[in-house]
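Chemist: Input file: my_file28.txt. Contents: compact mmCIF, C-alpha atoms and all ligand atoms.
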```
# COMPACT_ATOMS: atom_id res chain seq x y z
CA MET X 915 -18.72 -56.23 -284.96
CA THR X 916 -18.76 -59.70 -283.59
CA PHE X 917 -15.66 -61.24 -282.15
CA PRO X 918 -13.14 -61.74 -284.94
CA GLU X 919 -12.38 -65.14 -286.37
CA HIS X 920 -9.37 -66.68 -284.59
CA PHE X 921 -10.10 -64.66 -281.44
CA LEU X 922 -7.98 -66.18 -278.65
CA TRP X 923 -10.49 -67.46 -276.09
CA GLY X 924 -8.55 -68.79 -273.17
CA THR X 925 -7.75 -68.99 -269.51
CA ALA X 926 -4.64 -68.01 -267.55
CA THR X 927 -2.61 -69.46 -264.68
CA ALA X 928 0.85 -69.06 -263.13
CA ALA X 929 3.39 -71.71 -262.15
CA ALA X 930 3.70 -70.81 -258.46
CA GLN X 931 -0.08 -70.74 -258.08
CA ILE X 932 -0.93 -74.13 -259.60
CA GLU X 933 2.05 -76.42 -260.12
CA GLY X 934 3.02 -77.67 -256.67
CA GLY X 935 5.87 -80.17 -257.03
CA TRP X 936 7.98 -77.50 -255.42
CA LEU X 937 11.12 -79.65 -255.10
CA ASP X 938 10.36 -82.29 -257.71
CA ASP X 939 12.77 -83.39 -260.44
CA GLY X 940 15.50 -81.03 -259.37
CA LYS X 941 13.48 -77.86 -258.82
CA THR X 942 14.79 -75.56 -256.09
CA PRO X 943 12.64 -73.12 -254.08
CA SER X 944 11.38 -69.83 -255.39
CA ILE X 945 10.81 -66.86 -253.10
CA TRP X 946 7.12 -67.83 -252.91
CA ASP X 947 7.87 -71.41 -251.87
CA LEU X 948 9.64 -70.00 -248.84
CA ALA X 949 6.83 -67.71 -247.63
CA THR X 950 6.13 -68.43 -243.97
CA LYS X 951 2.76 -69.24 -242.39
CA LYS X 952 2.58 -65.71 -241.03
CA GLN X 953 3.07 -64.18 -244.47
CA ILE X 954 0.09 -66.05 -245.94
CA LYS X 955 -3.25 -65.00 -244.43
CA THR X 956 -4.54 -68.58 -244.26
CA GLY X 957 -1.24 -69.99 -242.99
CA GLU X 958 -0.94 -72.16 -246.11
CA ASN X 959 1.87 -72.66 -248.58
CA ASN X 960 2.00 -73.40 -252.31
CA HIS X 961 4.05 -76.59 -252.15
CA VAL X 962 1.23 -78.70 -253.57
CA ALA X 963 -1.26 -76.06 -254.76
CA CYS X 964 -3.31 -77.70 -257.55
CA ASP X 965 -0.69 -80.41 -258.08
CA HIS X 966 -0.72 -79.43 -261.73
CA TYR X 967 2.89 -80.62 -262.08
CA HIS X 968 1.52 -84.17 -261.80
CA ARG X 969 -1.99 -83.61 -263.13
CA TRP X 970 -1.20 -81.49 -266.18
CA ALA X 971 -2.60 -84.08 -268.63
CA GLU X 972 -5.98 -84.12 -266.87
CA ASP X 973 -5.92 -80.31 -266.79
CA VAL X 974 -5.30 -80.12 -270.53
CA GLU X 975 -8.29 -82.43 -271.06
CA LEU X 976 -10.40 -80.10 -268.91
CA MET X 977 -9.29 -77.10 -270.93
CA ALA X 978 -10.26 -78.90 -274.10
CA SER X 979 -13.67 -79.68 -272.58
CA LEU X 980 -14.20 -75.94 -272.02
CA GLY X 981 -13.49 -75.36 -275.70
CA VAL X 982 -10.70 -72.81 -275.21
CA ASN X 983 -8.29 -72.27 -278.07
CA SER X 984 -5.51 -70.65 -275.99
CA TYR X 985 -3.95 -71.06 -272.57
CA ARG X 986 -1.69 -68.58 -270.83
CA PHE X 987 0.66 -70.09 -268.24
CA SER X 988 4.05 -69.27 -266.78
CA ILE X 989 7.37 -71.05 -266.51
CA SER X 990 8.90 -71.61 -263.11
CA TRP X 991 12.39 -70.14 -263.38
CA SER X 992 13.80 -72.31 -260.57
CA ARG X 993 12.43 -75.46 -262.21
CA VAL X 994 14.36 -74.58 -265.35
CA GLU X 995 17.45 -73.07 -263.67
CA PRO X 996 17.65 -74.59 -260.19
CA GLU X 997 21.08 -73.11 -259.57
CA LYS X 998 22.69 -70.08 -261.12
CA GLY X 999 23.86 -71.11 -264.59
CA ARG X 1000 22.79 -74.77 -264.27
CA PHE X 1001 19.80 -75.62 -266.42
CA ASN X 1002 17.54 -78.59 -265.71
CA PRO X 1003 16.49 -80.79 -268.64
CA LYS X 1004 13.71 -82.35 -266.55
CA GLY X 1005 12.21 -78.96 -265.87
CA LEU X 1006 12.27 -78.01 -269.53
CA ALA X 1007 10.85 -81.42 -270.48
CA PHE X 1008 7.80 -80.76 -268.30
CA TYR X 1009 6.94 -77.62 -270.25
CA LEU X 1010 7.68 -79.27 -273.57
CA ARG X 1011 5.22 -82.07 -272.74
CA LEU X 1012 2.66 -79.49 -271.72
CA VAL X 1013 2.93 -77.34 -274.85
CA ARG X 1014 2.84 -80.40 -277.12
CA ALA X 1015 -0.29 -81.71 -275.39
CA LEU X 1016 -1.90 -78.28 -275.76
CA LYS X 1017 -1.04 -78.11 -279.44
CA LYS X 1018 -2.54 -81.57 -280.00
CA LYS X 1019 -5.81 -80.24 -278.64
CA GLY X 1020 -5.66 -77.14 -280.80
CA ILE X 1021 -4.87 -74.90 -277.82
CA GLU X 1022 -2.34 -72.12 -278.50
CA PRO X 1023 0.19 -71.82 -275.65
CA LEU X 1024 0.82 -68.26 -274.45
CA VAL X 1025 3.95 -68.39 -272.32
CA THR X 1026 4.81 -65.95 -269.55
CA LEU X 1027 8.48 -66.15 -268.63
CA TYR X 1028 8.18 -64.59 -265.19
CA HIS X 1029 5.13 -64.55 -262.95
CA TRP X 1030 6.66 -63.46 -259.63
CA ASP X 1031 8.42 -66.68 -258.52
CA LEU X 1032 12.03 -65.56 -258.47
CA PRO X 1033 14.46 -68.42 -257.71
CA GLN X 1034 15.68 -68.13 -254.15
CA TRP X 1035 19.28 -68.33 -255.41
CA ALA X 1036 18.68 -65.11 -257.38
CA GLN X 1037 17.02 -63.45 -254.39
CA ALA X 1038 20.04 -64.35 -252.26
CA GLU X 1039 22.14 -62.23 -254.62
CA GLY X 1040 19.84 -59.23 -254.30
CA GLY X 1041 17.04 -60.28 -256.65
CA TRP X 1042 15.43 -57.42 -258.57
CA LYS X 1043 17.63 -54.88 -256.79
CA ASN X 1044 20.78 -56.35 -258.27
CA PRO X 1045 21.54 -54.99 -261.77
CA GLU X 1046 22.77 -58.47 -262.72
CA ILE X 1047 19.13 -59.64 -262.73
CA VAL X 1048 18.71 -58.21 -266.22
CA ARG X 1049 21.45 -60.42 -267.67
CA LEU X 1050 20.32 -63.45 -265.64
CA PHE X 1051 16.75 -63.07 -266.85
CA ALA X 1052 17.84 -62.72 -270.47
CA ARG X 1053 19.98 -65.86 -270.20
CA TYR X 1054 17.11 -67.85 -268.68
CA ALA X 1055 14.75 -66.48 -271.36
CA ARG X 1056 17.10 -67.68 -274.08
CA VAL X 1057 17.16 -71.23 -272.68
CA VAL X 1058 13.35 -71.38 -272.50
CA VAL X 1059 12.89 -69.87 -275.95
CA GLU X 1060 15.37 -72.28 -277.50
CA ALA X 1061 13.62 -75.23 -275.84
CA LEU X 1062 9.99 -74.35 -276.55
CA SER X 1063 9.77 -72.08 -279.56
CA GLU X 1064 9.12 -74.78 -282.12
CA ASP X 1065 5.71 -75.10 -280.45
CA VAL X 1066 5.27 -71.71 -278.80
CA ARG X 1067 4.67 -68.50 -280.73
CA TYR X 1068 3.19 -66.21 -278.08
CA TRP X 1069 5.56 -64.83 -275.44
CA ILE X 1070 5.10 -62.46 -272.52
CA PRO X 1071 8.31 -61.64 -270.61
CA LEU X 1072 6.89 -60.33 -267.33
CA ASN X 1073 3.54 -60.60 -265.63
CA GLU X 1074 2.43 -57.40 -263.85
CA PRO X 1075 5.83 -55.97 -262.98
CA GLN X 1076 3.91 -53.28 -261.08
CA CYS X 1077 2.86 -55.87 -258.55
CA PHE X 1078 6.08 -57.70 -257.89
CA VAL X 1079 7.88 -54.39 -257.53
CA MET X 1080 5.30 -52.54 -255.46
CA ILE X 1081 3.61 -55.26 -253.42
CA GLY X 1082 6.78 -57.34 -253.05
CA HIS X 1083 9.33 -54.60 -252.39
CA ILE X 1084 7.50 -51.47 -251.24
CA PHE X 1085 4.34 -52.59 -249.39
CA GLY X 1086 6.08 -55.77 -248.21
CA THR X 1087 3.06 -58.06 -248.36
CA HIS X 1088 4.21 -60.25 -251.26
CA ALA X 1089 7.48 -62.15 -251.62
CA PRO X 1090 10.24 -61.20 -250.99
CA PHE X 1091 8.30 -59.20 -248.33
CA HIS X 1092 10.57 -56.15 -248.40
CA LYS X 1093 9.69 -52.56 -247.57
CA ASP X 1094 12.38 -50.61 -249.34
CA VAL X 1095 10.95 -47.36 -250.70
CA PRO X 1096 14.35 -45.85 -251.63
CA ALA X 1097 14.95 -48.78 -254.04
CA LEU X 1098 11.77 -48.10 -256.02
CA ARG X 1099 13.23 -46.40 -259.09
CA THR X 1100 16.05 -48.94 -259.32
CA LEU X 1101 13.58 -51.82 -259.14
CA ILE X 1102 11.39 -50.34 -261.87
CA ARG X 1103 14.44 -49.75 -264.06
CA HIS X 1104 15.64 -53.32 -263.68
CA ALA X 1105 12.20 -54.77 -264.39
CA LEU X 1106 11.79 -52.61 -267.50
CA LEU X 1107 15.26 -53.51 -268.76
CA ALA X 1108 14.60 -57.21 -268.12
CA HIS X 1109 11.44 -56.90 -270.21
CA GLY X 1110 13.33 -55.24 -273.08
CA GLU X 1111 16.28 -57.64 -273.05
CA ALA X 1112 13.90 -60.62 -272.99
CA VAL X 1113 12.02 -59.25 -276.02
CA LYS X 1114 15.35 -59.00 -277.86
CA VAL X 1115 16.22 -62.59 -276.91
CA ILE X 1116 12.83 -63.87 -278.07
CA ARG X 1117 13.16 -62.14 -281.43
CA LYS X 1118 16.70 -63.44 -281.88
CA TYR X 1119 16.31 -67.07 -280.82
CA ALA X 1120 12.68 -68.04 -281.50
CA LYS X 1121 12.40 -70.85 -284.04
CA THR X 1122 8.93 -69.81 -285.22
CA ALA X 1123 7.91 -66.19 -285.83
CA PRO X 1124 7.19 -64.89 -282.35
CA VAL X 1125 4.24 -62.82 -281.20
CA VAL X 1126 5.45 -60.82 -278.20
CA GLY X 1127 3.45 -58.76 -275.76
CA THR X 1128 2.95 -57.65 -272.20
CA ALA X 1129 0.62 -58.47 -269.29
CA MET X 1130 0.43 -55.25 -267.31
CA ALA X 1131 -1.62 -54.67 -264.17
CA THR X 1132 -4.09 -52.13 -265.50
CA CYS X 1133 -6.41 -49.89 -263.55
CA VAL X 1134 -8.06 -46.89 -265.17
CA ALA X 1135 -10.57 -44.36 -263.87
CA LEU X 1136 -14.22 -44.71 -264.84
CA PRO X 1137 -15.46 -41.41 -266.31
CA LEU X 1138 -18.22 -39.64 -264.41
CA SER X 1139 -20.27 -39.55 -267.64
CA THR X 1140 -19.71 -40.16 -271.34
CA LYS X 1141 -19.45 -36.41 -272.03
CA PRO X 1142 -16.14 -35.85 -273.87
CA GLU X 1143 -14.76 -33.64 -271.09
CA ASP X 1144 -15.49 -36.31 -268.45
CA VAL X 1145 -13.92 -38.99 -270.60
CA GLU X 1146 -10.80 -36.84 -271.09
CA LYS X 1147 -10.59 -36.17 -267.37
CA ALA X 1148 -10.81 -39.90 -266.54
CA LYS X 1149 -8.14 -40.61 -269.12
CA TRP X 1150 -5.95 -37.94 -267.59
CA TYR X 1151 -6.33 -39.54 -264.16
CA SER X 1152 -5.63 -42.96 -265.66
CA PHE X 1153 -2.20 -41.95 -266.93
CA ASN X 1154 -1.15 -39.10 -264.67
CA TYR X 1155 -2.48 -39.92 -261.27
CA LEU X 1156 -0.23 -42.32 -259.38
CA PRO X 1157 -2.05 -44.64 -257.02
CA GLY X 1158 -0.39 -47.55 -255.18
CA GLU X 1159 0.95 -49.57 -258.07
CA LEU X 1160 1.88 -46.46 -260.06
CA ASN X 1161 -0.26 -47.21 -263.09
CA ASN X 1162 -0.11 -46.67 -265.91
CA SER X 1163 2.27 -44.37 -267.74
CA VAL X 1164 5.25 -44.91 -265.43
CA TRP X 1165 5.45 -48.46 -266.72
CA SER X 1166 3.83 -48.28 -270.13
CA ASP X 1167 5.25 -45.07 -271.64
CA PRO X 1168 8.83 -46.39 -271.57
CA ILE X 1169 7.71 -49.67 -273.16
CA TYR X 1170 5.31 -48.44 -275.85
CA LEU X 1171 6.54 -44.88 -276.42
CA GLY X 1172 10.20 -45.07 -275.42
CA LYS X 1173 9.64 -42.18 -272.98
CA ALA X 1174 10.23 -41.89 -269.25
CA THR X 1175 7.49 -40.23 -267.22
CA HIS X 1176 6.94 -39.03 -263.68
CA LEU X 1177 9.36 -40.56 -261.19
CA MET X 1178 11.29 -42.38 -263.92
CA LYS X 1179 12.38 -39.15 -265.62
CA GLY X 1180 16.11 -38.87 -265.08
CA LYS X 1181 16.37 -42.50 -264.01
CA LEU X 1182 16.10 -44.06 -267.46
CA SER X 1183 18.84 -43.08 -269.89
CA GLU X 1184 18.37 -42.88 -273.66
CA ALA X 1185 20.23 -46.20 -273.92
CA ASP X 1186 17.87 -47.76 -271.36
CA LEU X 1187 14.82 -46.52 -273.24
CA GLU X 1188 16.08 -47.98 -276.46
CA ILE X 1189 16.32 -51.42 -274.83
CA ILE X 1190 12.98 -51.09 -273.05
CA SER X 1191 10.98 -49.94 -276.07
CA GLN X 1192 11.58 -52.98 -278.28
CA PRO X 1193 8.82 -53.34 -280.87
CA LEU X 1194 5.93 -55.47 -279.63
CA ASP X 1195 3.07 -57.33 -281.28
CA PHE X 1196 0.35 -56.74 -278.70
CA ILE X 1197 -0.47 -54.83 -275.56
CA GLY X 1198 -1.61 -57.20 -272.82
CA LEU X 1199 -3.86 -55.85 -270.08
CA ASN X 1200 -4.74 -57.58 -266.80
CA VAL X 1201 -7.89 -55.82 -265.64
CA TYR X 1202 -9.99 -56.37 -262.53
CA GLN X 1203 -11.05 -53.03 -261.09
CA PRO X 1204 -11.03 -49.26 -261.65
CA ILE X 1205 -8.86 -46.80 -259.67
CA ASN X 1206 -11.70 -44.45 -258.80
CA ASP X 1207 -11.44 -45.09 -255.07
CA ASN X 1208 -7.88 -43.78 -255.03
CA ILE X 1209 -8.64 -40.48 -256.70
CA ALA X 1210 -8.62 -37.53 -254.34
CA ASP X 1211 -11.68 -35.91 -255.95
CA PRO X 1212 -14.60 -37.41 -253.95
CA LYS X 1213 -16.85 -37.35 -257.02
CA TYR X 1214 -14.89 -40.32 -258.37
CA ARG X 1215 -15.03 -42.44 -255.25
CA PHE X 1216 -17.52 -45.27 -254.96
CA PRO X 1217 -20.10 -45.05 -252.19
CA LYS X 1218 -19.43 -47.21 -249.15
CA THR X 1219 -22.38 -49.36 -250.18
CA GLU X 1220 -20.76 -50.31 -253.49
CA PRO X 1221 -20.42 -54.12 -253.56
CA ARG X 1222 -16.88 -55.47 -253.24
CA ASN X 1223 -15.61 -58.96 -253.86
CA VAL X 1224 -13.62 -61.17 -251.49
CA MET X 1225 -10.42 -59.38 -252.61
CA GLY X 1226 -12.00 -56.07 -251.56
CA TRP X 1227 -12.26 -54.96 -255.21
CA VAL X 1228 -15.18 -53.03 -256.65
CA VAL X 1229 -16.58 -55.04 -259.51
CA HIS X 1230 -17.31 -52.77 -262.44
CA PRO X 1231 -17.10 -54.58 -265.78
CA GLU X 1232 -17.09 -51.29 -267.68
CA CYS X 1233 -13.55 -50.71 -266.44
CA LEU X 1234 -12.44 -53.23 -269.04
CA TYR X 1235 -13.97 -51.21 -271.87
CA TRP X 1236 -12.32 -48.02 -270.62
CA SER X 1237 -8.97 -49.78 -270.15
CA LEU X 1238 -9.00 -51.04 -273.73
CA ARG X 1239 -10.10 -47.68 -275.07
CA PHE X 1240 -7.69 -45.52 -273.09
CA PHE X 1241 -4.73 -47.79 -273.85
CA HIS X 1242 -5.61 -47.93 -277.52
CA GLU X 1243 -5.86 -44.13 -277.66
CA ARG X 1244 -2.56 -43.55 -275.86
CA TYR X 1245 -0.64 -46.34 -277.57
CA PRO X 1246 -2.25 -46.67 -281.00
CA GLY X 1247 -1.16 -49.09 -283.66
CA LEU X 1248 -0.94 -52.29 -281.62
CA PRO X 1249 -3.64 -54.90 -281.06
CA LEU X 1250 -4.66 -55.54 -277.48
CA MET X 1251 -5.19 -58.73 -275.55
CA VAL X 1252 -6.98 -59.12 -272.22
CA THR X 1253 -4.26 -61.26 -270.66
CA GLU X 1254 -6.19 -61.60 -267.37
CA ASN X 1255 -9.67 -60.82 -266.17
CA GLY X 1256 -12.06 -62.62 -263.88
CA ALA X 1257 -13.93 -62.73 -260.61
CA ALA X 1258 -12.98 -63.77 -257.08
CA VAL X 1259 -15.69 -65.56 -255.13
CA VAL X 1260 -15.70 -67.85 -252.09
CA ASP X 1261 -17.39 -70.79 -253.84
CA THR X 1262 -18.82 -73.83 -252.12
CA VAL X 1263 -19.90 -77.20 -253.45
CA SER X 1264 -23.71 -77.47 -253.46
CA GLU X 1265 -25.65 -80.51 -252.34
CA ASP X 1266 -25.91 -81.62 -255.95
CA GLY X 1267 -22.11 -81.73 -256.11
CA GLU X 1268 -21.96 -78.75 -258.50
CA ILE X 1269 -20.65 -75.23 -258.08
CA HIS X 1270 -23.33 -72.68 -258.83
CA ASP X 1271 -21.53 -69.37 -259.19
CA PRO X 1272 -23.94 -66.88 -260.78
CA GLU X 1273 -21.89 -63.97 -259.43
CA ARG X 1274 -18.83 -65.03 -261.42
CA THR X 1275 -20.89 -65.85 -264.51
CA GLU X 1276 -22.56 -62.43 -264.48
CA THR X 1277 -19.29 -60.63 -263.84
CA ILE X 1278 -17.58 -62.38 -266.73
CA ARG X 1279 -20.61 -61.80 -268.95
CA GLY X 1280 -20.33 -58.09 -268.12
CA PHE X 1281 -16.59 -58.04 -268.82
CA LEU X 1282 -17.10 -59.81 -272.15
CA GLY X 1283 -19.77 -57.26 -273.03
CA ALA X 1284 -17.13 -54.60 -272.40
CA VAL X 1285 -14.76 -56.35 -274.82
CA LYS X 1286 -17.54 -56.53 -277.39
CA ASN X 1287 -18.24 -52.80 -277.01
CA ALA X 1288 -14.57 -52.09 -277.61
CA LEU X 1289 -14.55 -54.31 -280.70
CA ASP X 1290 -17.71 -52.61 -281.96
CA GLU X 1291 -15.84 -49.30 -281.83
CA GLY X 1292 -13.02 -50.74 -283.89
CA ILE X 1293 -10.56 -51.32 -281.04
CA PRO X 1294 -8.49 -54.33 -282.14
CA VAL X 1295 -8.79 -56.90 -279.35
CA ILE X 1296 -7.25 -60.26 -280.26
CA GLY X 1297 -7.94 -62.36 -277.20
CA TYR X 1298 -9.40 -62.75 -273.74
CA GLN X 1299 -7.88 -64.93 -271.01
CA VAL X 1300 -10.01 -65.64 -267.94
CA TRP X 1301 -8.16 -65.64 -264.66
CA SER X 1302 -8.23 -68.44 -263.94
CA LEU X 1303 -8.51 -71.91 -265.38
CA MET X 1304 -8.95 -73.29 -261.88
CA ASP X 1305 -8.98 -72.12 -258.29
CA ASN X 1306 -5.42 -71.74 -257.09
CA PHE X 1307 -3.01 -70.30 -254.56
CA GLU X 1308 -3.86 -66.61 -254.45
CA TRP X 1309 -0.49 -65.47 -253.08
CA ALA X 1310 -0.69 -63.85 -249.62
CA GLU X 1311 -4.46 -64.51 -249.53
CA GLY X 1312 -3.93 -68.28 -249.62
CA THR X 1313 -6.58 -70.42 -251.30
CA ARG X 1314 -9.65 -68.65 -249.88
CA PRO X 1315 -10.46 -66.38 -252.82
CA ARG X 1316 -11.39 -68.61 -255.75
CA PHE X 1317 -11.00 -67.31 -259.29
CA GLY X 1318 -11.37 -70.56 -261.25
CA LEU X 1319 -13.81 -71.64 -263.91
CA ILE X 1320 -12.98 -75.03 -262.43
CA TYR X 1321 -13.26 -75.73 -258.72
CA THR X 1322 -10.22 -77.24 -257.01
CA ASP X 1323 -10.83 -79.46 -254.00
CA TYR X 1324 -7.47 -79.04 -252.30
CA GLU X 1325 -7.98 -82.14 -250.10
CA THR X 1326 -8.62 -84.60 -252.92
CA GLN X 1327 -7.38 -82.59 -255.92
CA LYS X 1328 -10.71 -83.31 -257.59
CA ARG X 1329 -11.64 -80.68 -260.19
CA ILE X 1330 -15.26 -79.70 -260.83
CA VAL X 1331 -16.25 -77.50 -263.75
CA LYS X 1332 -18.34 -74.63 -262.35
CA ASP X 1333 -21.47 -73.18 -263.92
CA SER X 1334 -19.31 -70.24 -265.01
CA GLY X 1335 -17.05 -72.69 -266.86
CA ARG X 1336 -20.05 -74.03 -268.75
CA PHE X 1337 -21.16 -70.48 -269.47
CA TYR X 1338 -17.73 -69.59 -270.88
CA CYS X 1339 -17.80 -72.74 -272.98
CA SER X 1340 -21.15 -71.70 -274.48
CA VAL X 1341 -19.79 -68.22 -275.28
CA ILE X 1342 -16.81 -69.74 -277.07
CA GLU X 1343 -19.05 -72.11 -279.04
CA THR X 1344 -20.80 -69.17 -280.67
CA ASN X 1345 -17.64 -67.02 -280.84
CA GLY X 1346 -19.37 -64.53 -278.56
CA ALA X 1347 -22.38 -64.07 -280.82
CA ASP X 1348 -24.90 -64.41 -277.97
CA LEU X 1349 -23.38 -61.87 -275.64
O1 LIG T 1 -3.76 -64.27 -259.00
C1 LIG T 1 -3.38 -63.05 -259.55
C2 LIG T 1 -2.37 -63.24 -260.66
O2 LIG T 1 -1.28 -63.96 -260.25
C3 LIG T 1 -1.91 -61.90 -261.15
N1 LIG T 1 -3.02 -61.05 -261.49
C4 LIG T 1 -4.09 -60.93 -260.56
C5 LIG T 1 -4.57 -62.31 -260.12
C6 LIG T 1 -5.72 -62.18 -259.11
O3 LIG T 1 -5.30 -61.49 -257.99
```
Can I see the file as structure tokens?
Ligand code: IFM

Modeler:
Amino acid sequence: MTFPEHFLWGTATAAAQIEGGWLDDGKTPSIWDLATKKQIKTGENNHVACDHYHRWAEDVELMASLGVNSYRFSISWSRVEPEKGRFNPKGLAFYLRLVRALKKKGIEPLVTLYHWDLPQWAQAEGGWKNPEIVRLFARYARVVVEALSEDVRYWIPLNEPQCFVMIGHIFGTHAPFHKDVPALRTLIRHALLAHGEAVKVIRKYAKTAPVVGTAMATCVALPLSTKPEDVEKAKWYSFNYLPGELNNSVWSDPIYLGKATHLMKGKLSEADLEIISQPLDFIGLNVYQPINDNIADPKYRFPKTEPRNVMGWVVHPECLYWSLRFFHERYPGLPLMVTENGAAVVDTVSEDGEIHDPERTETIRGFLGAVKNALDEGIPVIGYQVWSLMDNFEWAEGTRPRFGLIYTDYETQKRIVKDSGRFYCSVIETNGADL
């Protein structure tokens, strides 16, 4: 099977990583805006980032030049609600301009309501530990949905809740930089409830029929071989073994099956599960690497010589095929979207002024081959969003790892389409036929 007609070929970004304009037009700080030099490995901040808040029109033109037909981005909560209960028309107007410009170019907006940048005012009241966050998030979601849903159909409440809970509150290396292990189950419960309440709000207030899904941090185990028993074993590890971010069933079973598993048993009531398991239209997977290195059985671990990227991740494009397959088998009946996938490289500008990034091109080619294999087996994949449209602020890593199809010169804010961007454009032109 080739890629289906209307396949959503796109790229993804997040407000705190690209927008800049951190205090413009009434915005107040998010928890990421207040990260200190010591908390970011490069000593940078995200106050300007890619200056997308001012350069959005140029960025939409660049997207159009790549030929994408979708664009996943997030809304900055503190731009829309700078103070508790006070909503900011200028903040909403920014996103309305953006979605209208995208639509004019034939680019479908895919909106994430929360991509880790909690308003500082909400953090000051306890943030994700405070049960009130669920109501606050639903109220904010309603305002955004009412403002944008004439133009926006695709909605994703939370990006990778695994990461903002685990890395932000347990490991302490992402904002709000807490290490609070005893709060873990409470944090997961609040994030799951916020997801469910937001889905209800979207269904109730959207002005055009909404398409609602997830964007979950997804790491599965690569099977040792394609023998059925090895595949089953890898699938078992993928849903029952709990590495750092606690993938996958802890988060996904409550959402897609309405069941609590592992540490969430006894923490989620029947009433909670009813809220959390709202019907969805797609399963969104953010996939970068397999979990093999975390599995106790040494047979699964990668040799020390296995190449790793600048993030320290083993690059194994097959992990995308196995993610799609294992998720489809465990949660059948829903289409899947690759809501993020890509390659981190430390790119440099060559003498000819271009960015030659064969490593990224080959990695993405491999990942797209994995999507094609899944489609060939009848797994319903509806879209693929490259992380990222352009190089951006990679959280605690600063701007050193570059994920973009477009190079960002942070001094001049000049953008340069990389070779990988041209490659992606050529794939889209043929709807993946040449892969
Ligand atoms: O940059 C992040 C993004 O914000 C969430 N998913 C993973 C990306 C690469 O680390």

Chemist: With only C-alpha atoms as the counted atoms, please give the residues lying no more than 8 Å from region 1017-1026 of chain X, apart from itself and same-chain residues fewer than 4 positions off, as a list in words.

Modeler: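 That gives Ala978, Val982, Asn983, Ser984, Tyr985, Arg986, Phe987, Ser988, Ile989, Val1013, Asp1065, Val1066, Arg1067, Tyr1068, Trp1069, Ile1070, Pro1071, Leu1072 and Asn1073 of chain X.
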
Chemist: What gap, in Å, lies between CA of Glu1308 (chain X) and atom O1 of ligand LIG 1 (chain T)?

Modeler: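 Value for the CA of Glu1308 (chain X)-atom O1 of ligand LIG 1 (chain T) distance: 5.1 Å.
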
Chemist: List all protein, DNA and RNA residues that have at least one atom no more than 10 Å from any atom of ligand LIG 1 (chain T), counting only C-alpha atoms and all ligand atoms, and write them as number ranges by chain.

Modeler: X: 926-931, 988, 1029-1030, 1073-1075, 1077-1078, 1129-1132, 1200-1202, 1225, 1227, 1253-1258, 1301-1302, 1305-1311, 1315-1317

Chemist: Got a sec: who's within 9 Å of Leu1136 (chain X), counting only C-alpha atoms, leaving out chain neighbours fewer than 3 positions off, as a ChimeraX atom specification?

Modeler: /X:1139,1145,1148-1149,1152,1204-1206,1214,1230,1232-1233,1236

Chemist: For region 1042-1057 of chain X, work out the shell of residues within 7 Å, counting all atoms listed in the file and skipping chain neighbours fewer than 5 positions away, then give it as a list in words.

Modeler: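 Within the cut-off, the hits are Leu1027, Thr1100, Leu1101, His1104, Leu1107, Ala1108, Glu1111, Ala1112, Val1115, Ile1116 and Tyr1119 of chain X.
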
Chemist: Set the distance at 7 Å and use all atoms listed in the file: which residues neighbour Ala1089 (chain X) once local chain neighbours fewer than 5 positions away are removed? I'd like the list as a list in words.

Modeler: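 Near neighbours after the sequence-gap exclusion: Ile945, Trp946, Ala949 and Gly1082 of chain X.
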